[in-house]
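Below: structure-v7.cif (mmCIF, N, CA and C atoms)
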```cif
data_entry
loop_
_atom_site.label_atom_id
_atom_site.label_comp_id
_atom_site.auth_asym_id
_atom_site.auth_seq_id
_atom_site.Cartn_x
_atom_site.Cartn_y
_atom_site.Cartn_z
N MET Q 13 -34.00 -45.26 -26.59
CA MET Q 13 -33.50 -44.08 -25.91
C MET Q 13 -32.88 -43.13 -26.94
N ALA Q 14 -33.19 -41.86 -26.83
CA ALA Q 14 -32.67 -40.86 -27.75
C ALA Q 14 -31.19 -40.64 -27.51
N ASN Q 15 -30.50 -40.26 -28.58
CA ASN Q 15 -29.10 -39.86 -28.45
C ASN Q 15 -29.03 -38.61 -27.60
N ARG Q 16 -27.99 -38.52 -26.80
CA ARG Q 16 -27.77 -37.32 -26.00
C ARG Q 16 -26.67 -36.51 -26.65
N VAL Q 17 -26.94 -35.22 -26.84
CA VAL Q 17 -26.00 -34.33 -27.50
C VAL Q 17 -25.75 -33.14 -26.60
N GLY Q 18 -24.48 -32.79 -26.44
CA GLY Q 18 -24.09 -31.58 -25.73
C GLY Q 18 -23.53 -30.58 -26.72
N ILE Q 19 -24.02 -29.36 -26.65
CA ILE Q 19 -23.54 -28.29 -27.52
C ILE Q 19 -22.77 -27.31 -26.65
N VAL Q 20 -21.52 -27.04 -27.04
CA VAL Q 20 -20.69 -26.09 -26.30
C VAL Q 20 -20.87 -24.73 -26.95
N GLY Q 21 -21.52 -23.83 -26.24
CA GLY Q 21 -21.74 -22.47 -26.72
C GLY Q 21 -23.17 -22.25 -27.16
N GLY Q 22 -23.78 -21.25 -26.58
CA GLY Q 22 -25.17 -20.94 -26.87
C GLY Q 22 -25.33 -19.71 -27.74
N GLY Q 23 -24.41 -19.54 -28.70
CA GLY Q 23 -24.55 -18.46 -29.67
C GLY Q 23 -25.42 -18.92 -30.83
N ALA Q 24 -25.37 -18.18 -31.92
CA ALA Q 24 -26.19 -18.51 -33.08
C ALA Q 24 -25.92 -19.93 -33.59
N ALA Q 25 -24.65 -20.27 -33.78
CA ALA Q 25 -24.31 -21.60 -34.30
C ALA Q 25 -24.73 -22.69 -33.32
N GLY Q 26 -24.52 -22.45 -32.03
CA GLY Q 26 -24.90 -23.44 -31.04
C GLY Q 26 -26.39 -23.68 -30.99
N LEU Q 27 -27.17 -22.61 -31.07
CA LEU Q 27 -28.62 -22.77 -31.02
C LEU Q 27 -29.15 -23.44 -32.29
N VAL Q 28 -28.58 -23.10 -33.43
CA VAL Q 28 -28.98 -23.75 -34.68
C VAL Q 28 -28.62 -25.23 -34.63
N ALA Q 29 -27.42 -25.55 -34.14
CA ALA Q 29 -27.00 -26.95 -34.02
C ALA Q 29 -27.91 -27.70 -33.06
N ALA Q 30 -28.28 -27.06 -31.96
CA ALA Q 30 -29.15 -27.70 -30.98
C ALA Q 30 -30.52 -28.02 -31.58
N ILE Q 31 -31.07 -27.06 -32.32
CA ILE Q 31 -32.37 -27.28 -32.96
C ILE Q 31 -32.27 -28.41 -33.98
N ALA Q 32 -31.21 -28.39 -34.79
CA ALA Q 32 -31.04 -29.43 -35.82
C ALA Q 32 -30.92 -30.81 -35.18
N ALA Q 33 -30.16 -30.91 -34.09
CA ALA Q 33 -30.01 -32.21 -33.41
C ALA Q 33 -31.33 -32.66 -32.80
N ALA Q 34 -32.06 -31.73 -32.20
CA ALA Q 34 -33.35 -32.08 -31.60
C ALA Q 34 -34.35 -32.52 -32.66
N GLN Q 35 -34.31 -31.87 -33.83
CA GLN Q 35 -35.22 -32.26 -34.91
C GLN Q 35 -34.93 -33.67 -35.41
N LYS Q 36 -33.72 -34.15 -35.18
CA LYS Q 36 -33.34 -35.52 -35.56
C LYS Q 36 -33.61 -36.50 -34.40
N GLY Q 37 -34.19 -36.00 -33.31
CA GLY Q 37 -34.58 -36.88 -32.22
C GLY Q 37 -33.64 -36.92 -31.02
N ALA Q 38 -32.59 -36.11 -31.03
CA ALA Q 38 -31.64 -36.12 -29.92
C ALA Q 38 -32.17 -35.37 -28.71
N SER Q 39 -31.71 -35.76 -27.56
CA SER Q 39 -31.92 -35.04 -26.31
C SER Q 39 -30.73 -34.10 -26.17
N VAL Q 40 -30.98 -32.78 -26.16
CA VAL Q 40 -29.90 -31.80 -26.30
C VAL Q 40 -29.78 -30.91 -25.06
N THR Q 41 -28.52 -30.67 -24.67
CA THR Q 41 -28.19 -29.70 -23.63
C THR Q 41 -27.17 -28.73 -24.20
N VAL Q 42 -27.42 -27.44 -24.01
CA VAL Q 42 -26.50 -26.40 -24.45
C VAL Q 42 -25.75 -25.88 -23.23
N PHE Q 43 -24.42 -25.89 -23.32
CA PHE Q 43 -23.57 -25.39 -22.24
C PHE Q 43 -23.05 -24.01 -22.65
N GLU Q 44 -23.44 -22.99 -21.93
CA GLU Q 44 -23.09 -21.60 -22.27
C GLU Q 44 -22.31 -20.97 -21.12
N GLY Q 45 -21.20 -20.33 -21.45
CA GLY Q 45 -20.37 -19.68 -20.45
C GLY Q 45 -20.99 -18.43 -19.87
N GLY Q 46 -21.78 -17.73 -20.65
CA GLY Q 46 -22.43 -16.50 -20.18
C GLY Q 46 -23.66 -16.78 -19.35
N ASP Q 47 -24.34 -15.71 -18.98
CA ASP Q 47 -25.51 -15.87 -18.12
C ASP Q 47 -26.79 -16.17 -18.90
N ARG Q 48 -26.73 -16.08 -20.24
CA ARG Q 48 -27.89 -16.46 -21.05
C ARG Q 48 -27.42 -16.76 -22.47
N VAL Q 49 -28.20 -17.55 -23.17
CA VAL Q 49 -27.84 -17.91 -24.55
C VAL Q 49 -28.24 -16.80 -25.51
N GLY Q 50 -27.51 -16.71 -26.61
CA GLY Q 50 -27.88 -15.82 -27.69
C GLY Q 50 -27.56 -14.36 -27.54
N ARG Q 51 -26.85 -13.99 -26.52
CA ARG Q 51 -26.60 -12.57 -26.26
C ARG Q 51 -25.92 -11.88 -27.45
N LYS Q 52 -24.93 -12.53 -28.04
CA LYS Q 52 -24.20 -11.89 -29.14
C LYS Q 52 -25.05 -11.73 -30.40
N ILE Q 53 -26.09 -12.52 -30.53
CA ILE Q 53 -26.98 -12.38 -31.69
C ILE Q 53 -27.56 -10.97 -31.73
N LEU Q 54 -27.83 -10.42 -30.56
CA LEU Q 54 -28.44 -9.09 -30.48
C LEU Q 54 -27.53 -7.99 -31.01
N ALA Q 55 -26.23 -8.25 -31.05
CA ALA Q 55 -25.27 -7.24 -31.51
C ALA Q 55 -24.95 -7.36 -32.99
N THR Q 56 -25.27 -8.48 -33.62
CA THR Q 56 -24.89 -8.68 -35.02
C THR Q 56 -25.65 -7.73 -35.94
N GLY Q 57 -24.95 -7.26 -36.94
CA GLY Q 57 -25.59 -6.37 -37.92
C GLY Q 57 -26.11 -5.11 -37.29
N ASN Q 58 -25.39 -4.57 -36.30
CA ASN Q 58 -25.82 -3.37 -35.58
C ASN Q 58 -27.22 -3.52 -35.00
N GLY Q 59 -27.47 -4.69 -34.43
CA GLY Q 59 -28.76 -4.95 -33.80
C GLY Q 59 -29.84 -5.43 -34.75
N ARG Q 60 -29.46 -5.65 -36.02
CA ARG Q 60 -30.43 -6.09 -37.02
C ARG Q 60 -30.30 -7.58 -37.32
N CYS Q 61 -29.21 -8.20 -36.93
CA CYS Q 61 -28.94 -9.63 -37.12
C CYS Q 61 -28.69 -9.98 -38.58
N ASN Q 62 -27.46 -9.81 -39.00
CA ASN Q 62 -27.05 -10.21 -40.34
C ASN Q 62 -27.03 -11.73 -40.36
N MET Q 63 -28.06 -12.35 -40.97
CA MET Q 63 -28.25 -13.79 -40.93
C MET Q 63 -27.32 -14.54 -41.87
N THR Q 64 -27.03 -13.97 -43.01
CA THR Q 64 -26.12 -14.56 -43.99
C THR Q 64 -25.87 -13.51 -45.06
N ASN Q 65 -25.17 -13.91 -46.12
CA ASN Q 65 -24.89 -13.02 -47.23
C ASN Q 65 -24.97 -13.84 -48.51
N ILE Q 66 -25.85 -13.43 -49.41
CA ILE Q 66 -26.01 -14.21 -50.64
C ILE Q 66 -24.78 -14.13 -51.53
N ASN Q 67 -23.87 -13.21 -51.26
CA ASN Q 67 -22.64 -13.09 -52.03
C ASN Q 67 -21.48 -13.82 -51.37
N ALA Q 68 -21.76 -14.66 -50.38
CA ALA Q 68 -20.70 -15.39 -49.71
C ALA Q 68 -20.00 -16.29 -50.72
N ASP Q 69 -18.70 -16.18 -50.77
CA ASP Q 69 -17.90 -16.95 -51.71
C ASP Q 69 -16.47 -16.97 -51.19
N LEU Q 70 -15.71 -17.95 -51.59
CA LEU Q 70 -14.33 -18.09 -51.13
C LEU Q 70 -13.53 -16.82 -51.38
N LYS Q 71 -13.80 -16.11 -52.47
CA LYS Q 71 -13.02 -14.91 -52.79
C LYS Q 71 -13.18 -13.79 -51.76
N HIS Q 72 -14.22 -13.90 -50.91
CA HIS Q 72 -14.45 -12.87 -49.89
C HIS Q 72 -13.76 -13.20 -48.57
N TYR Q 73 -13.09 -14.34 -48.49
CA TYR Q 73 -12.41 -14.75 -47.26
C TYR Q 73 -10.91 -14.55 -47.45
N HIS Q 74 -10.30 -13.90 -46.47
CA HIS Q 74 -8.89 -13.57 -46.57
C HIS Q 74 -8.16 -14.18 -45.38
N GLY Q 75 -6.88 -14.30 -45.50
CA GLY Q 75 -6.08 -14.88 -44.44
C GLY Q 75 -5.18 -15.95 -45.03
N LYS Q 76 -4.54 -16.68 -44.15
CA LYS Q 76 -3.58 -17.69 -44.59
C LYS Q 76 -4.26 -18.89 -45.24
N ARG Q 77 -5.46 -19.25 -44.77
CA ARG Q 77 -6.14 -20.45 -45.28
C ARG Q 77 -7.63 -20.20 -45.49
N PRO Q 78 -8.00 -19.40 -46.48
CA PRO Q 78 -9.43 -19.15 -46.68
C PRO Q 78 -10.21 -20.41 -47.05
N GLU Q 79 -9.53 -21.44 -47.51
CA GLU Q 79 -10.22 -22.67 -47.88
C GLU Q 79 -10.81 -23.40 -46.67
N PHE Q 80 -10.52 -22.91 -45.46
CA PHE Q 80 -11.10 -23.53 -44.27
C PHE Q 80 -12.62 -23.53 -44.30
N ILE Q 81 -13.22 -22.65 -45.08
CA ILE Q 81 -14.68 -22.58 -45.13
C ILE Q 81 -15.31 -23.70 -45.94
N PHE Q 82 -14.51 -24.44 -46.72
CA PHE Q 82 -15.08 -25.48 -47.58
C PHE Q 82 -15.92 -26.49 -46.81
N GLY Q 83 -15.48 -26.88 -45.62
CA GLY Q 83 -16.24 -27.86 -44.84
C GLY Q 83 -17.65 -27.38 -44.57
N ALA Q 84 -17.76 -26.15 -44.10
CA ALA Q 84 -19.08 -25.59 -43.81
C ALA Q 84 -19.84 -25.31 -45.10
N LYS Q 85 -19.14 -24.78 -46.09
CA LYS Q 85 -19.80 -24.41 -47.35
C LYS Q 85 -20.43 -25.62 -48.02
N ASN Q 86 -19.82 -26.76 -47.89
CA ASN Q 86 -20.34 -27.96 -48.54
C ASN Q 86 -21.46 -28.62 -47.75
N ARG Q 87 -21.69 -28.19 -46.51
CA ARG Q 87 -22.71 -28.82 -45.68
C ARG Q 87 -23.93 -27.93 -45.42
N PHE Q 88 -23.69 -26.66 -45.19
CA PHE Q 88 -24.76 -25.77 -44.74
C PHE Q 88 -24.40 -24.36 -45.18
N TRP Q 89 -24.79 -24.03 -46.38
CA TRP Q 89 -24.35 -22.75 -46.92
C TRP Q 89 -25.52 -21.80 -47.01
N VAL Q 90 -25.48 -20.84 -47.88
CA VAL Q 90 -26.46 -19.75 -47.91
C VAL Q 90 -27.88 -20.28 -48.12
N ASP Q 91 -28.10 -21.10 -49.14
CA ASP Q 91 -29.45 -21.59 -49.40
C ASP Q 91 -30.00 -22.39 -48.22
N GLU Q 92 -29.16 -23.23 -47.63
CA GLU Q 92 -29.59 -24.03 -46.48
C GLU Q 92 -29.87 -23.13 -45.27
N THR Q 93 -29.07 -22.09 -45.11
CA THR Q 93 -29.28 -21.15 -44.00
C THR Q 93 -30.62 -20.45 -44.16
N LEU Q 94 -30.89 -19.96 -45.35
CA LEU Q 94 -32.16 -19.26 -45.60
C LEU Q 94 -33.35 -20.20 -45.42
N GLU Q 95 -33.21 -21.43 -45.90
CA GLU Q 95 -34.29 -22.41 -45.74
C GLU Q 95 -34.52 -22.73 -44.26
N PHE Q 96 -33.44 -22.88 -43.50
CA PHE Q 96 -33.57 -23.17 -42.07
C PHE Q 96 -34.36 -22.06 -41.37
N PHE Q 97 -33.96 -20.81 -41.60
CA PHE Q 97 -34.66 -19.70 -40.94
C PHE Q 97 -36.09 -19.57 -41.44
N SER Q 98 -36.32 -19.80 -42.72
CA SER Q 98 -37.67 -19.76 -43.25
C SER Q 98 -38.54 -20.82 -42.59
N ASN Q 99 -38.00 -22.02 -42.40
CA ASN Q 99 -38.75 -23.08 -41.74
C ASN Q 99 -39.06 -22.75 -40.28
N LEU Q 100 -38.27 -21.88 -39.68
CA LEU Q 100 -38.54 -21.43 -38.31
C LEU Q 100 -39.60 -20.32 -38.30
N GLY Q 101 -39.94 -19.81 -39.49
CA GLY Q 101 -40.94 -18.75 -39.57
C GLY Q 101 -40.35 -17.35 -39.65
N ILE Q 102 -39.06 -17.24 -39.87
CA ILE Q 102 -38.42 -15.94 -39.96
C ILE Q 102 -38.44 -15.48 -41.42
N VAL Q 103 -39.12 -14.39 -41.67
CA VAL Q 103 -39.17 -13.81 -43.01
C VAL Q 103 -37.92 -12.94 -43.16
N ALA Q 104 -37.18 -13.16 -44.24
CA ALA Q 104 -35.93 -12.45 -44.44
C ALA Q 104 -36.03 -11.50 -45.63
N LYS Q 105 -35.14 -10.54 -45.62
CA LYS Q 105 -35.01 -9.62 -46.75
C LYS Q 105 -33.54 -9.51 -47.10
N THR Q 106 -33.26 -9.33 -48.38
CA THR Q 106 -31.89 -9.21 -48.86
C THR Q 106 -31.67 -7.79 -49.33
N GLU Q 107 -30.60 -7.18 -48.84
CA GLU Q 107 -30.28 -5.82 -49.25
C GLU Q 107 -29.40 -5.84 -50.49
N ASP Q 108 -29.21 -4.69 -51.09
CA ASP Q 108 -28.46 -4.59 -52.34
C ASP Q 108 -27.06 -5.16 -52.26
N ASP Q 109 -26.43 -5.08 -51.09
CA ASP Q 109 -25.06 -5.58 -50.94
C ASP Q 109 -25.02 -7.09 -50.67
N GLY Q 110 -26.19 -7.74 -50.62
CA GLY Q 110 -26.26 -9.18 -50.42
C GLY Q 110 -26.47 -9.62 -48.98
N LYS Q 111 -26.40 -8.70 -48.04
CA LYS Q 111 -26.62 -9.06 -46.64
C LYS Q 111 -28.10 -9.38 -46.42
N VAL Q 112 -28.33 -10.42 -45.63
CA VAL Q 112 -29.70 -10.87 -45.36
C VAL Q 112 -30.04 -10.60 -43.90
N TYR Q 113 -31.15 -9.92 -43.69
CA TYR Q 113 -31.62 -9.56 -42.36
C TYR Q 113 -33.06 -10.06 -42.18
N PRO Q 114 -33.49 -10.18 -40.93
CA PRO Q 114 -34.92 -10.47 -40.74
C PRO Q 114 -35.73 -9.27 -41.24
N TYR Q 115 -36.88 -9.54 -41.77
CA TYR Q 115 -37.73 -8.48 -42.32
C TYR Q 115 -38.00 -7.39 -41.30
N SER Q 116 -38.05 -7.76 -40.03
CA SER Q 116 -38.33 -6.80 -38.96
C SER Q 116 -37.15 -5.89 -38.65
N ASP Q 117 -35.96 -6.23 -39.17
CA ASP Q 117 -34.72 -5.50 -38.84
C ASP Q 117 -34.41 -5.56 -37.35
N GLN Q 118 -34.89 -6.56 -36.67
CA GLN Q 118 -34.68 -6.70 -35.23
C GLN Q 118 -33.98 -8.02 -34.92
N ALA Q 119 -32.77 -7.94 -34.41
CA ALA Q 119 -32.05 -9.16 -34.02
C ALA Q 119 -32.83 -9.91 -32.94
N SER Q 120 -33.54 -9.19 -32.11
CA SER Q 120 -34.30 -9.84 -31.04
C SER Q 120 -35.35 -10.79 -31.61
N ALA Q 121 -35.87 -10.51 -32.81
CA ALA Q 121 -36.86 -11.40 -33.42
C ALA Q 121 -36.23 -12.75 -33.73
N VAL Q 122 -34.99 -12.75 -34.21
CA VAL Q 122 -34.30 -14.00 -34.51
C VAL Q 122 -34.00 -14.75 -33.22
N LEU Q 123 -33.50 -14.04 -32.23
CA LEU Q 123 -33.21 -14.69 -30.95
C LEU Q 123 -34.47 -15.26 -30.32
N ASP Q 124 -35.55 -14.51 -30.37
CA ASP Q 124 -36.81 -14.99 -29.79
C ASP Q 124 -37.25 -16.30 -30.45
N VAL Q 125 -37.17 -16.36 -31.78
CA VAL Q 125 -37.58 -17.57 -32.50
C VAL Q 125 -36.65 -18.73 -32.16
N LEU Q 126 -35.34 -18.49 -32.14
CA LEU Q 126 -34.40 -19.55 -31.80
C LEU Q 126 -34.65 -20.08 -30.38
N ARG Q 127 -34.86 -19.18 -29.45
CA ARG Q 127 -35.13 -19.60 -28.07
C ARG Q 127 -36.46 -20.35 -27.98
N TYR Q 128 -37.47 -19.87 -28.67
CA TYR Q 128 -38.78 -20.54 -28.67
C TYR Q 128 -38.63 -21.96 -29.22
N LYS Q 129 -37.92 -22.11 -30.32
CA LYS Q 129 -37.76 -23.43 -30.93
C LYS Q 129 -36.95 -24.36 -30.02
N THR Q 130 -35.92 -23.84 -29.36
CA THR Q 130 -35.16 -24.71 -28.46
C THR Q 130 -36.05 -25.16 -27.30
N GLU Q 131 -36.83 -24.25 -26.78
CA GLU Q 131 -37.72 -24.61 -25.67
C GLU Q 131 -38.80 -25.59 -26.14
N ALA Q 132 -39.32 -25.39 -27.34
CA ALA Q 132 -40.35 -26.29 -27.87
C ALA Q 132 -39.81 -27.71 -28.06
N HIS Q 133 -38.52 -27.83 -28.32
CA HIS Q 133 -37.89 -29.13 -28.49
C HIS Q 133 -37.35 -29.70 -27.18
N GLY Q 134 -37.58 -28.99 -26.09
CA GLY Q 134 -37.12 -29.49 -24.79
C GLY Q 134 -35.61 -29.38 -24.59
N ILE Q 135 -34.97 -28.53 -25.34
CA ILE Q 135 -33.52 -28.35 -25.20
C ILE Q 135 -33.24 -27.64 -23.88
N LYS Q 136 -32.28 -28.17 -23.16
CA LYS Q 136 -31.93 -27.61 -21.86
C LYS Q 136 -30.73 -26.67 -22.01
N TYR Q 137 -30.71 -25.61 -21.20
CA TYR Q 137 -29.57 -24.70 -21.16
C TYR Q 137 -28.90 -24.84 -19.80
N ILE Q 138 -27.60 -24.87 -19.82
CA ILE Q 138 -26.83 -24.72 -18.58
C ILE Q 138 -25.94 -23.51 -18.81
N THR Q 139 -26.24 -22.41 -18.12
CA THR Q 139 -25.50 -21.18 -18.31
C THR Q 139 -24.49 -20.99 -17.19
N GLY Q 140 -23.57 -20.05 -17.41
CA GLY Q 140 -22.52 -19.82 -16.43
C GLY Q 140 -21.61 -21.02 -16.29
N PHE Q 141 -21.48 -21.78 -17.35
CA PHE Q 141 -20.76 -23.05 -17.32
C PHE Q 141 -19.61 -23.00 -18.32
N GLU Q 142 -18.40 -23.16 -17.83
CA GLU Q 142 -17.23 -23.15 -18.70
C GLU Q 142 -16.80 -24.58 -18.97
N VAL Q 143 -16.78 -24.94 -20.23
CA VAL Q 143 -16.31 -26.27 -20.61
C VAL Q 143 -14.79 -26.21 -20.72
N SER Q 144 -14.10 -27.02 -19.94
CA SER Q 144 -12.64 -26.98 -19.93
C SER Q 144 -12.02 -28.21 -20.58
N ASP Q 145 -12.83 -29.25 -20.80
CA ASP Q 145 -12.30 -30.47 -21.39
C ASP Q 145 -13.44 -31.27 -22.00
N VAL Q 146 -13.15 -31.91 -23.12
CA VAL Q 146 -14.16 -32.76 -23.76
C VAL Q 146 -13.54 -34.14 -23.95
#
```
Using structure tokens, write down the structure from this file.
Amino acid sequence: MANRVGIVGGGAAGLVAAIAAAQKGASVTVFEGGDRVGRKILATGNGRCNMTNINADLKHYHGKRPEFIFGAKNRFWVDETLEFFSNLGIVAKTEDDGKVYPYSDQASAVLDVLRYKTEAHGIKYITGFEVSDV
């Protein structure tokens, strides 16, 4: 029997996590509070979907504890992000300032591919669902 995984939130991180878990053989359900997954992806980068930034570094993070990014940086950083999207078939381009966008400049292209991959892996969505306790 496959492991069952629940993902809280159907945004970019949730959909990527769902795909990664399904690729490892898990049975995945995404719980999303809104009426559909991925809505905020359409707004990122002024509708172009800023996928990552090749200049991402600790010096660009400000606040009381910028070192909080180390956990993510050591597991899934810029190169891994670009490889993940490339493996999904998303061709990316890097602008002079280091921001990475889909070649189409359309956030909807990224959302479409993420949704297609989740559906291809049999990932289930439960929308309009607020998780109040885990």
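Across Q:Ser144, Q:Ala132, Q:Val40, Q:Ala121, the tightest approach to Ile102 in chain Q is made by Q:Ala121 when counting only N, CA and C atoms.
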Checklist outcome for this item: From the list Q:Leu54, Q:Ala68, Q:Val20, Q:Ile138, the nearest residue to Leu123 in chain Q using only N, CA and C atoms is Q:Leu54
Checklist entry - Got a sec to resolve the PyMOL selection byres ((chain Q and resi 55-62) around 6) on this structure and send the residues as a PyMOL selection string? => result chain Q and resi 51-54+63-64+112-114+117-120
Checklist entry - What does the distance between CA of Leu70 in chain Q and CA of Ala24 in chain Q come to in Å, to one decimal place? => result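 It comes out at 21.6 Å.
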Checklist entry - Per DSSP on the backbone, what are the helix (DSSP H, G or I) residues of range 14-146 of chain Q, as a VMD selection string? => result chain Q and resid 24 to 35 51 to 55 70 to 72 78 to 85 90 to 99 119 to 132
